[in-house]
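Encoded as structure tokens, the structure appears first; notes follow it.
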Amino acid sequence: MLFKVRNSVDKKIYNSIDLTKFICAILIITIHISPFGSNGENSIISYLNFGIQDYIARIAVPFFFMASGFFLYRKTLLADFDPELSKKYCIRIFQLYIIWTIIYSPLIIGRFFNDKQGLVHAILVFVRDTIFTGSYTQLWYLNGLIVAVIITSVLLYKKVSLKKILLCATILYLIGLFAQSWFGFIEPLKELTPTLWSILKLIEKVIVTTRDGVFLGFPFVSLGMCFAFFDIKISKKKSFVGLCISMVLLLFEVFLFQYIGFVHEHNMYLFLVPVTFFLFAFVKEVQLADNAIYKTLRTLSSLIFFGHLWVGAVVGKLLSFISEGLGDSWLKFVISLIVTIIWAYIVMKLSERKKFKLLSYLY
């Protein structure tokens, strides 16, 4: 294992990362649309869905954050950090956030009318969520990424050492765990210290969740930053062994905490950190021959991530019209997956034409 500070900008093409991001985009779909259907009481189906949605697929978002941090910070050097790159990057991500919020506005407005506390409450909730948790379900990743990059870049600009940045990120991640899979550890506070519990619940009402740019995004973006600034080389064999061991430990953590009723949310687990670290280290060292397909997969992964819930909503409605319960079956996942990929490919190809160049703003 070798860690050396890079003294030149990394211009290498990482096709393996593009391929992995595409796989992660597919995994994101499985989180939001149950791959085995969500309309049955079958315990086997429930376990299969849980295994995919709350174990395997939970690797996707941390990997996205790490990859984003890596690709952003490899464009500059630790000794000569250029904050202008981060500024331009955040502006581009913010534009994506606004564009996709507008695209999802019909579904967002639909939520307004389903709010039992009235329209005013629904609008206030939307404003809060747009700031803290995302204007729509998967769009939280975009404002989370902006926050994570801002925190990381400010600390780098202030010449804070990487050790202190990683320490800060570790502390925040551990704090975030207590509102996620480690919730069972703090639940006794409800009876032991009602005042403190009331304060925590008030904080929760404001920020809603620790699945955000501070507690989840920043730690993984900072890990990606370390891979960018340091020429970290871990052999594929060692990375693979580390990944396998970490996956086993994550499996134990996920199912044990679920069984004992500890889990409040499934976005953050302790062993997600080593899993993502070793996965990224492994993928980074895999050399795939240059091929246009990888650039295509890079674009498709973004469009799939952003657009799959619109496709899922339409497919679900159409299937429900055909037969009651069909909209919650495994068929919804299969059709949504296929249609999303086809739609993403069509958008990508159209965006390459001058007449439809504006479509490139979607990714």
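Following the order of the structure tokens, first chain is A, next is B, and so on, with residues numbered from 1 inside each chain and ligands from 1 in the order they appear.
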
What's the 8 Å shell around A:Leu142, counting only C-alpha atoms, without same-chain residues fewer than 3 positions away, as a VMD selection string?
chain A and resid 93 to 94 96 to 97 134 139 145 to 146

Who sits within 12 Å of A:Arg6, only C-alpha atoms, same chain under 4 positions skipped, as JSON, numbers by chain:
{"A": [2, 10, 11, 73, 74, 75, 76, 77, 78, 79, 80, 225, 226, 227, 228, 229, 230, 231, 232, 233]}

For the structure I just gave you, how does DSSP split stretch 97-285 of chain A - specifically, which residues are alpha helix (DSSP H)? Reply as a ChimeraX atom specification.
/A:97-103,105-112,119-132,140-157,162-177,183-186,189-192,194-207,218-229,236-259,272-285

Proximity to A:Phe22 - best of A:Lys295, A:Lys190, A:Arg211, A:Lys201, only C-alpha atoms:
A:Lys295

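Within 10 Å of A:Thr130, once only C-alpha atoms are used and residues closer than 5 positions along the same chain are dropped, the contacting residues are Tyr97, Ile98, Thr101, Leu124, Val125, Ser135, Tyr136, Leu139, Trp140 and Asn143 of chain A.
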
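The two atoms in question, atom CA of A:Ile341 and atom CA of A:Trp100, are spaced 17.5 Å apart.
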
Write out as a ChimeraX atom specification the residues lying within 9 Å of A:Leu19, counting only C-alpha atoms and excluding same-chain residues fewer than 5 positions away.
/A:24,294,297-298,301

Might you pull out every residue within 7 Å of stretch 311-326 of chain A, with only C-alpha atoms counted and same-chain residues fewer than 6 positions away left off, and present them as a compact mmCIF listing (two decimals) with all heavy atoms, in the first residue's frame?
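selection_8.txt written:
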```
# COMPACT_ATOMS: atom_id res chain seq x y z
N ASN A 39 -46.65 -5.22 -3.13
CA ASN A 39 -48.07 -5.39 -2.84
C ASN A 39 -48.40 -6.71 -2.17
O ASN A 39 -49.56 -7.10 -2.09
CB ASN A 39 -48.90 -5.25 -4.12
CG ASN A 39 -48.53 -6.29 -5.17
OD1 ASN A 39 -47.53 -6.98 -5.02
ND2 ASN A 39 -49.33 -6.39 -6.21
N LYS A 332 -43.76 -3.50 -12.43
CA LYS A 332 -43.50 -2.06 -12.41
C LYS A 332 -41.99 -1.79 -12.45
O LYS A 332 -41.53 -0.92 -13.19
CB LYS A 332 -44.11 -1.41 -11.17
CG LYS A 332 -43.82 0.08 -11.07
CD LYS A 332 -44.36 0.68 -9.78
CE LYS A 332 -44.01 2.16 -9.68
NZ LYS A 332 -44.50 2.77 -8.42
N SER A 336 -40.23 -0.14 -15.66
CA SER A 336 -39.63 1.17 -15.34
C SER A 336 -38.14 1.17 -15.67
O SER A 336 -37.61 2.16 -16.20
CB SER A 336 -39.84 1.50 -13.86
OG SER A 336 -41.20 1.65 -13.56
N THR A 340 -36.78 3.53 -18.57
CA THR A 340 -35.85 4.57 -18.12
C THR A 340 -34.56 4.55 -18.94
O THR A 340 -34.06 5.60 -19.36
CB THR A 340 -35.52 4.42 -16.62
OG1 THR A 340 -36.71 4.52 -15.84
CG2 THR A 340 -34.55 5.51 -16.16
```

Given only C-alpha atoms as the counted atoms, nearest of A:Ile260, A:Ile56, A:Leu216, A:Cys244 to A:Val147
A:Leu216

Counting only C-alpha atoms, what are the residues of stretch 34-131 of chain A within 9 Å of stretch 154-157 of chain A, and for each of them which pair of atoms is the nearest and at what distance in Å, to one decimal? Sort the table by chain and rising number, as JSON lines.
```
{"residue": "A:Leu78", "atom": "CA", "partner": "A:Leu156", "partner_atom": "CA", "distance": 7.9}
{"residue": "A:Phe81", "atom": "CA", "partner": "A:Tyr157", "partner_atom": "CA", "distance": 6.9}
{"residue": "A:Asp82", "atom": "CA", "partner": "A:Tyr157", "partner_atom": "CA", "distance": 8.0}
{"residue": "A:Pro83", "atom": "CA", "partner": "A:Tyr157", "partner_atom": "CA", "distance": 6.8}
```

Suppose we keep N, CA, C and O atoms; can you now write the selection as a PDB file, in the first residue's frame?
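Writing the result to part-v1.pdb gives the following:
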```
ATOM      1  N   LEU A  78      -3.257  19.696  -4.118  1.00  0.00           N
ATOM      2  CA  LEU A  78      -3.396  20.032  -2.702  1.00  0.00           C
ATOM      3  C   LEU A  78      -2.576  21.269  -2.349  1.00  0.00           C
ATOM      4  O   LEU A  78      -3.036  22.148  -1.619  1.00  0.00           O
ATOM      5  N   PHE A  81      -4.397  24.577  -4.274  1.00  0.00           N
ATOM      6  CA  PHE A  81      -5.837  24.347  -4.423  1.00  0.00           C
ATOM      7  C   PHE A  81      -6.522  25.547  -5.066  1.00  0.00           C
ATOM      8  O   PHE A  81      -6.330  26.688  -4.655  1.00  0.00           O
ATOM      9  N   ASP A  82      -7.327  25.270  -6.081  1.00  0.00           N
ATOM     10  CA  ASP A  82      -8.042  26.323  -6.802  1.00  0.00           C
ATOM     11  C   ASP A  82      -9.539  26.259  -6.472  1.00  0.00           C
ATOM     12  O   ASP A  82     -10.255  25.396  -6.983  1.00  0.00           O
ATOM     13  N   PRO A  83     -10.045  27.145  -5.601  1.00  0.00           N
ATOM     14  CA  PRO A  83     -11.457  27.124  -5.209  1.00  0.00           C
ATOM     15  C   PRO A  83     -12.411  27.481  -6.347  1.00  0.00           C
ATOM     16  O   PRO A  83     -13.602  27.214  -6.270  1.00  0.00           O
TER      17      PRO A  83
END
```

Mind checking which residues fall within 9 Å of stretch 109-114 of chain A, counting only C-alpha atoms, ignoring those fewer than 6 positions away in the same chain, and posting them as a JSON list (two decimals) with N, CA, C and O atoms, in the first residue's frame?
```json
[["chain", "number", "residue", "atom", "x", "y", "z"],
["A", 120, "VAL", "N", -50.95, 25.50, 2.90],
["A", 120, "VAL", "CA", -49.89, 26.34, 3.47],
["A", 120, "VAL", "C", -48.80, 25.47, 4.11],
["A", 120, "VAL", "O", -47.61, 25.70, 3.91],
["A", 121, "HIS", "N", -49.24, 24.47, 4.86],
["A", 121, "HIS", "CA", -48.29, 23.55, 5.49],
["A", 121, "HIS", "C", -47.46, 22.82, 4.43],
["A", 121, "HIS", "O", -46.24, 22.66, 4.58],
["A", 122, "ALA", "N", -48.11, 22.40, 3.35],
["A", 122, "ALA", "CA", -47.43, 21.68, 2.28],
["A", 122, "ALA", "C", -46.36, 22.55, 1.63],
["A", 122, "ALA", "O", -45.25, 22.08, 1.32],
["A", 123, "ILE", "N", -46.67, 23.83, 1.43],
["A", 123, "ILE", "CA", -45.71, 24.75, 0.81],
["A", 123, "ILE", "C", -44.52, 24.99, 1.74],
["A", 123, "ILE", "O", -43.37, 25.01, 1.30],
["A", 126, "PHE", "N", -42.33, 22.04, 1.65],
["A", 126, "PHE", "CA", -41.57, 22.02, 0.39],
["A", 126, "PHE", "C", -40.37, 22.96, 0.47],
["A", 126, "PHE", "O", -39.26, 22.59, 0.04]]
```

List as a tab-separated table (two decimals) with all heavy atoms, in the first residue's frame the protein and nucleic acid residues near A:Phe65, meaning an atom at most 9 Å away when only C-alpha atoms are counted, but skip any in the same chain fewer than 6 places from it.
```
chain	number	residue	atom	x	y	z
A	141	TYR	N	-29.73	14.41	-3.38
A	141	TYR	CA	-28.31	14.17	-3.67
A	141	TYR	C	-27.63	15.42	-4.21
A	141	TYR	O	-26.46	15.70	-3.88
A	141	TYR	CB	-28.17	13.02	-4.66
A	141	TYR	CG	-26.75	12.84	-5.15
A	141	TYR	CD1	-25.80	12.20	-4.34
A	141	TYR	CD2	-26.34	13.32	-6.38
A	141	TYR	CE1	-24.49	12.04	-4.77
A	141	TYR	CE2	-25.03	13.17	-6.82
A	141	TYR	CZ	-24.11	12.53	-6.01
A	141	TYR	OH	-22.81	12.38	-6.43
A	145	LEU	N	-24.71	17.28	-2.41
A	145	LEU	CA	-23.40	17.36	-3.05
A	145	LEU	C	-22.86	18.79	-3.01
A	145	LEU	O	-21.67	19.00	-2.75
A	145	LEU	CB	-23.51	16.88	-4.50
A	145	LEU	CG	-22.22	16.85	-5.33
A	145	LEU	CD1	-21.16	15.98	-4.66
A	145	LEU	CD2	-22.50	16.35	-6.75
A	148	ALA	N	-21.68	19.41	0.54
A	148	ALA	CA	-20.47	18.64	0.82
A	148	ALA	C	-19.25	19.27	0.16
A	148	ALA	O	-18.18	19.37	0.77
A	148	ALA	CB	-20.66	17.20	0.34
A	216	LEU	N	-23.67	12.89	5.62
A	216	LEU	CA	-23.42	11.78	4.69
A	216	LEU	C	-22.55	12.20	3.51
A	216	LEU	O	-21.57	11.54	3.18
A	216	LEU	CB	-24.76	11.22	4.18
A	216	LEU	CG	-24.69	10.09	3.14
A	216	LEU	CD1	-23.88	8.91	3.67
A	216	LEU	CD2	-26.10	9.64	2.76
A	217	GLY	N	-22.90	13.31	2.88
A	217	GLY	CA	-22.17	13.74	1.69
A	217	GLY	C	-20.74	14.14	1.96
A	217	GLY	O	-19.81	13.67	1.29
A	218	PHE	N	-20.52	15.00	2.96
A	218	PHE	CA	-19.19	15.50	3.27
A	218	PHE	C	-18.17	14.38	3.57
A	218	PHE	O	-17.06	14.40	3.03
A	218	PHE	CB	-19.27	16.51	4.42
A	218	PHE	CG	-17.97	16.89	5.03
A	218	PHE	CD1	-16.91	17.33	4.23
A	218	PHE	CD2	-17.78	16.84	6.40
A	218	PHE	CE1	-15.68	17.69	4.80
A	218	PHE	CE2	-16.57	17.20	6.97
A	218	PHE	CZ	-15.52	17.61	6.17
A	219	PRO	N	-18.52	13.40	4.41
A	219	PRO	CA	-17.54	12.33	4.68
A	219	PRO	C	-17.09	11.59	3.44
A	219	PRO	O	-15.89	11.31	3.27
A	219	PRO	CB	-18.31	11.40	5.64
A	219	PRO	CG	-19.26	12.31	6.35
A	219	PRO	CD	-19.70	13.28	5.29
A	220	PHE	N	-18.02	11.29	2.53
A	220	PHE	CA	-17.64	10.52	1.34
A	220	PHE	C	-16.99	11.39	0.27
A	220	PHE	O	-16.11	10.92	-0.45
A	220	PHE	CB	-18.85	9.76	0.80
A	220	PHE	CG	-19.22	8.57	1.64
A	220	PHE	CD1	-20.31	8.60	2.47
A	220	PHE	CD2	-18.44	7.43	1.61
A	220	PHE	CE1	-20.64	7.52	3.27
A	220	PHE	CE2	-18.75	6.32	2.40
A	220	PHE	CZ	-19.84	6.37	3.23
A	221	VAL	N	-17.41	12.64	0.15
A	221	VAL	CA	-16.73	13.55	-0.78
A	221	VAL	C	-15.28	13.76	-0.32
A	221	VAL	O	-14.36	13.80	-1.14
A	221	VAL	CB	-17.47	14.90	-0.87
A	221	VAL	CG1	-16.59	15.96	-1.54
A	221	VAL	CG2	-18.77	14.74	-1.66
A	222	SER	N	-15.08	13.86	1.00
A	222	SER	CA	-13.72	14.05	1.51
A	222	SER	C	-12.86	12.81	1.28
A	222	SER	O	-11.65	12.92	1.05
A	222	SER	CB	-13.75	14.42	3.01
A	222	SER	OG	-14.30	13.37	3.78
A	223	LEU	N	-13.48	11.62	1.31
A	223	LEU	CA	-12.73	10.40	0.98
A	223	LEU	C	-12.32	10.43	-0.49
A	223	LEU	O	-11.19	10.06	-0.84
A	223	LEU	CB	-13.59	9.16	1.26
A	223	LEU	CG	-13.54	8.57	2.66
A	223	LEU	CD1	-14.44	7.34	2.75
A	223	LEU	CD2	-12.12	8.18	3.05
A	224	GLY	N	-13.25	10.83	-1.35
A	224	GLY	CA	-12.94	10.96	-2.77
A	224	GLY	C	-11.83	11.97	-3.00
A	224	GLY	O	-10.96	11.78	-3.87
```

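Comparing A:Leu107, A:Leu177, A:Ile33, A:Ile234 by their smallest distance to A:Lys4, the closest is A:Ile234 (using only C-alpha atoms).
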
Given only C-alpha atoms as the counted atoms, nearest of A:Thr195, A:Thr133, A:Ser38, A:Ser302 to A:Phe333:
A:Ser38
